[in-house]
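Single-structure report; data block below.
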Amino acid sequence: MSTQAATASVPYKEKKPFDYTSYMRKGKLPHIWCPGCGHGVVMKSLLRAIHATGIDQDNIAMVSGIGCSSRTPGYLDFNTLHTLHGRAIAYATGLKLAKPKLKVIVTTGDGDALAIGGNHFIHACRRNMDMVILVYNNYIYGMTSGQSSPTTPQNMIATTARYGSIEPTFDTCDLAKAAGATFVARGTAYHCQELEKTLYEAIMHKGMAVVDILDSCPTYYGRFNKFKSASEMMEKIEKDGTISVAQAAKMTPEQLQGKLVRGVIHKAERAEYCEEYEKLMEKAQGK
Ligand SMILES: Cc1ncc(C[n+]2csc(CCOP(=O)(O)OP(=O)(O)O)c2C)c(N)n1
Ligand code: SF4
C-alpha cells in the first residue's frame, strides 16, 4: 500500500466557491468559545487553507486533545478524534501509521502540546511523520481558567502566577526545529489571510509541519493582564509583537529584540517515517 498522503499538487487557489458550512457539523453549534477568542479565527483560516488544497474531506483526519482549542475538530466535518489532554499527537501517530493515506492534522493548545504533551511533541518532530501540528498559542490554559503554560511570557499574570510568571518560555518554533520538524512556521489570528497561506503550505508539506499560531484568550490572559479589549490584545501582541520573515531579514539583532517572526521559518527534506516503516515491513517480509 502506498504511504503517499492524499495531497494533490495544486497551486494556491480556490478550486470551487468556498462555503464554510460545507465543512461544518452544524448540529454541533453553538460553539463554546467566548466572544473575542482567537480560536474561531484560526479555525476559519484552517478551513480556507484546506479548501485551497483541494483535498477531499474524507481524506483528512483531525485530531485534538483537551482544551478550548481542542474543540475545533468537533465542529468540523472530517474524520475527527477528540482524545485526552496532552495525548493528541500520540493518537495521531497511531492513526497515521494505520491509515497512511490520510492527511492528519492535529489542533492543540500550548498547554496540550508543550506542557503535558511536550514529550509526544518532540518525538513526533524527531520522527518526521507526515502530519500537521497547529499549536493554538494563547499563552495560557484557557479551558481550566487561566493557569500558566510553557509559553506564558515572563512577568505576565496567570491563575498560577499571581505576581507574574518567573519561568522562561519555550519558543515553539525553535523547539520544533531543534527536535527535527521539517516545516516550521508561525502565524497569528490577527494576520488571518497570511495564516491561511501558511497553513496551506504546511498541509502540502510532506513530513512533520508545525505551525505556532499566536491567538488570544481575552477571558483569562486578557483580563488578568489588563488588556482593555480583545482587539487591543490582538493588536499589541499579534500585530505589534511580530514581524514577517521578509522584514526580519532586513533587521539587526538589536532591532529584532522582543519580536517574533511570522511566516515559514524552516523547511527541509528528510526521510518520512511512514515510508521508512513501509520499507522496513517489506524487508521483514523478505520482499
Ligand atoms: C490528564 C489531564 N490533566 C489535566 C486536565 C485538565 N485540563 C483540561 S484542558 C487543560 C488546559 C488547556 O489549555 P491549552 O491546551 O493551552 O488549550 P486552551 O484551552 O488554552 O485552548 C487542562 C489542564 C485534563 N483534562 N486531563
Ligand atoms: S476561555 Fe479563553 S481560550 Fe477558552 S474559549 Fe474563552 S477566550 Fe477562548
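Ligands are numbered from 1 in the order shown, chains are lettered A, B, ... in the order of the C-alpha cells, and residues start at 1 in each chain.
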Neighbour list for Glu194 of chain A as an MDAnalysis selection string, cut-off 9 Å, only C-alpha atoms, skip fewer than 6 positions in-chain: chainID A and resid 45 187:188 263
Could you please take those selected residues and save N, CA and C atoms as a tab-separated table (two decimals), in the first residue's frame?
```tsv
chain	number	residue	atom	x	y	z
A	45	SER	N	-9.38	30.23	9.09
A	45	SER	CA	-8.19	30.21	8.22
A	45	SER	C	-7.85	28.77	7.83
A	187	GLY	N	2.25	31.90	12.61
A	187	GLY	CA	1.22	32.80	12.10
A	187	GLY	C	0.50	33.42	13.28
A	188	THR	N	-0.43	34.29	13.00
A	188	THR	CA	-1.25	34.85	14.09
A	188	THR	C	-2.71	34.91	13.62
A	263	GLY	N	5.70	33.60	9.45
A	263	GLY	CA	5.96	33.05	8.12
A	263	GLY	C	6.69	31.72	8.24
```
Env. residues ligand 2 / 8 Å / only C-alpha atoms and all ligand atoms / as a list in words: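 Final answer, ordered by chain and number: Ile32, Trp33, Cys34, Pro35, Gly36, Cys37, Gly38, His39, Gly67, Cys68, Ser69, Asn138, Ile140, Tyr141, Gly142, Met143, Thr144, Ser145, Gly146, Ser216, Cys217, Pro218, Thr219, Tyr220 and Tyr221 of chain A.
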Using DSSP secondary structure from the backbone, list all strand (DSSP E or B) positions within segment 99-230 of chain A, as a VMD selection string. chain A and resid 103 to 109 131 to 137 140 to 141 147 to 148 158 161 183 to 188 208 to 214
Would you please work out which residue, of A:Lys239, A:Lys28, A:His51, A:His85, is nearest to Glu196 of chain A when using only C-alpha atoms?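 Using only C-alpha atoms, the shortest distance to Glu196 of chain A belongs to A:His51.
By only C-alpha atoms, and with residues fewer than 3 positions from Lys44 of chain A along its chain excluded, the set lying at most 9 Å from it is Tyr20, His39, Gly40, Val41, Leu47, Arg48, Ala49, Cys192 and Glu196 of chain A.
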Could you find all residues in segment 2-244 of chain A that DSSP calls helix (DSSP H, G or I) from the backbone, and write them as a count of residues only? 96
Applying 10 Å and only C-alpha atoms, which residues near Thr152 of chain A remain after dropping the ones on its own chain fewer than 6 positions away? List them as an mmCIF file with N, CA and C atoms, in the first residue's frame.
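What follows is the written file selection_19.cif:
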```
data_model
loop_
_atom_site.group_PDB
_atom_site.id
_atom_site.type_symbol
_atom_site.label_atom_id
_atom_site.label_comp_id
_atom_site.auth_asym_id
_atom_site.auth_seq_id
_atom_site.Cartn_x
_atom_site.Cartn_y
_atom_site.Cartn_z
ATOM 1 N N ASP A 110 -1.309 25.412 23.576
ATOM 2 C CA ASP A 110 0.077 25.480 24.056
ATOM 3 C C ASP A 110 0.262 24.581 25.285
ATOM 4 N N GLY A 111 -0.771 24.473 26.110
ATOM 5 C CA GLY A 111 -0.691 23.576 27.259
ATOM 6 C C GLY A 111 -0.715 22.126 26.792
ATOM 7 N N ASN A 137 -1.616 29.036 20.193
ATOM 8 C CA ASN A 137 -0.796 29.520 21.297
ATOM 9 C C ASN A 137 -1.381 30.809 21.894
ATOM 10 N N ASN A 138 -2.174 30.630 22.966
ATOM 11 C CA ASN A 138 -2.754 31.821 23.622
ATOM 12 C C ASN A 138 -2.098 32.093 24.973
ATOM 13 N N TYR A 139 -0.928 31.488 25.199
ATOM 14 C CA TYR A 139 -0.043 31.752 26.361
ATOM 15 C C TYR A 139 -0.641 31.343 27.703
ATOM 16 N N ILE A 140 -1.671 30.507 27.681
ATOM 17 C CA ILE A 140 -2.358 30.213 28.944
ATOM 18 C C ILE A 140 -3.218 28.956 28.775
ATOM 19 N N TYR A 141 -3.619 28.345 29.889
ATOM 20 C CA TYR A 141 -4.604 27.263 29.830
ATOM 21 C C TYR A 141 -5.987 27.926 29.855
ATOM 22 N N ALA A 158 -1.037 34.942 35.529
ATOM 23 C CA ALA A 158 -1.903 33.778 35.265
ATOM 24 C C ALA A 158 -2.472 33.334 36.623
ATOM 25 N N ALA A 161 0.195 32.224 38.605
ATOM 26 C CA ALA A 161 1.334 33.155 38.670
ATOM 27 C C ALA A 161 0.764 34.536 38.985
ATOM 28 N N GLY A 164 3.139 37.388 38.548
ATOM 29 C CA GLY A 164 3.886 37.359 37.285
ATOM 30 C C GLY A 164 4.698 36.081 37.186
ATOM 31 N N SER A 165 4.699 35.484 36.012
ATOM 32 C CA SER A 165 5.415 34.221 35.818
ATOM 33 C C SER A 165 6.924 34.453 35.867
ATOM 34 N N ILE A 166 7.628 33.595 36.591
ATOM 35 C CA ILE A 166 9.092 33.727 36.660
ATOM 36 C C ILE A 166 9.779 32.716 35.737
ATOM 37 N N GLU A 167 8.957 31.903 35.026
ATOM 38 C CA GLU A 167 9.574 30.841 34.217
ATOM 39 C C GLU A 167 9.951 31.338 32.825
ATOM 40 N N PRO A 168 11.136 30.961 32.330
ATOM 41 C CA PRO A 168 11.448 31.238 30.923
ATOM 42 C C PRO A 168 10.488 30.446 30.036
ATOM 43 N N THR A 169 10.273 30.908 28.814
ATOM 44 C CA THR A 169 9.281 30.255 27.946
ATOM 45 C C THR A 169 9.938 29.395 26.878
ATOM 46 N N PHE A 170 9.133 28.487 26.328
ATOM 47 C CA PHE A 170 9.510 27.774 25.111
ATOM 48 C C PHE A 170 9.178 28.674 23.930
ATOM 49 N N TYR A 221 -6.259 35.410 29.998
ATOM 50 C CA TYR A 221 -4.987 36.118 29.805
ATOM 51 C C TYR A 221 -5.235 37.617 29.632
#
```
Residue contacts of Gly118 of chain A (10 Å, only C-alpha atoms) excluding same-chain residues fewer than 6 positions away, as a list in words: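 Within the cut-off, the hits are Gly86, Arg87, Ile89, Asp110, Gly111, Asp112, Ala124, Pro150 and Leu175 of chain A.
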May I have the residues from that selection written out with N, CA and C atoms, as a PDB file, in the first residue's frame?
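Saved result, again_21.pdb, follows:
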```
ATOM      1  N   GLY A  86      -3.178  16.358  26.252  1.00  0.00           N
ATOM      2  CA  GLY A  86      -1.755  16.087  26.040  1.00  0.00           C
ATOM      3  C   GLY A  86      -1.447  14.914  25.141  1.00  0.00           C
ATOM      4  N   ARG A  87      -2.459  14.148  24.746  1.00  0.00           N
ATOM      5  CA  ARG A  87      -2.175  12.908  24.012  1.00  0.00           C
ATOM      6  C   ARG A  87      -2.581  12.962  22.545  1.00  0.00           C
ATOM      7  N   ILE A  89      -1.121  14.037  19.885  1.00  0.00           N
ATOM      8  CA  ILE A  89      -0.077  13.649  18.929  1.00  0.00           C
ATOM      9  C   ILE A  89       0.169  12.135  18.986  1.00  0.00           C
ATOM     10  N   ASP A 110      -1.309  25.412  23.576  1.00  0.00           N
ATOM     11  CA  ASP A 110       0.077  25.480  24.056  1.00  0.00           C
ATOM     12  C   ASP A 110       0.262  24.581  25.285  1.00  0.00           C
ATOM     13  N   GLY A 111      -0.771  24.473  26.110  1.00  0.00           N
ATOM     14  CA  GLY A 111      -0.691  23.576  27.259  1.00  0.00           C
ATOM     15  C   GLY A 111      -0.715  22.126  26.792  1.00  0.00           C
ATOM     16  N   ASP A 112      -1.659  21.809  25.943  1.00  0.00           N
ATOM     17  CA  ASP A 112      -1.840  20.444  25.431  1.00  0.00           C
ATOM     18  C   ASP A 112      -0.570  19.940  24.731  1.00  0.00           C
ATOM     19  N   ALA A 124       7.573  13.342  17.982  1.00  0.00           N
ATOM     20  CA  ALA A 124       6.888  13.381  16.675  1.00  0.00           C
ATOM     21  C   ALA A 124       7.723  14.207  15.693  1.00  0.00           C
ATOM     22  N   PRO A 150       3.718  26.675  29.212  1.00  0.00           N
ATOM     23  CA  PRO A 150       5.134  26.868  28.835  1.00  0.00           C
ATOM     24  C   PRO A 150       5.368  28.068  27.918  1.00  0.00           C
ATOM     25  N   LEU A 175      11.838  25.054  19.263  1.00  0.00           N
ATOM     26  CA  LEU A 175      11.744  23.693  19.809  1.00  0.00           C
ATOM     27  C   LEU A 175      11.472  22.683  18.687  1.00  0.00           C
TER      28      LEU A 175
END
```
Quick check, in Å to one decimal: how far apart do atom CA of Gln57 of chain A and atom CA of Asn79 of chain A lie?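 Answer for the atom CA of Gln57 of chain A to atom CA of Asn79 of chain A separation: 7.8 Å.
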With a distance cut-off of 10 Å and only C-alpha atoms, select the neighbouring residues of Glu269 of chain A, excluding the residue or stretch itself and same-chain residues fewer than 5 positions from it, and output the selection as a VMD selection string. chain A and resid 128 181 to 183 205 to 207
Give me the residues near Leu29 of chain A as a list of chain:residue names, where near means some atom within 10 Å (using only C-alpha atoms) and where sequence neighbours in that chain fewer than 5 positions away do not count. A:Met24, A:Gly74, A:Tyr75
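Taking only C-alpha atoms into account, Ile157 of chain A lies nearest to A:Gly222 out of the set A:Val132, A:Arg126, A:Gly222, A:Tyr190.
In this comparison, which uses only C-alpha atoms and all ligand atoms, the residue of A:Gly286, A:Gly65, A:Pro30, A:Gly180 approaching ligand 1 most closely is A:Gly65.
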Between A:Asp130, A:Glu276, A:Asp215, A:Glu235, which has the minimum distance to ligand 1 (counting only C-alpha atoms and all ligand atoms)?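 Smallest distance to ligand 1 is found for A:Asp215.
Distances from A:Lys16, A:Lys96, A:His266, A:His82 to ligand 1 were compared using only C-alpha atoms and all ligand atoms, and the smallest one belongs to A:His82.
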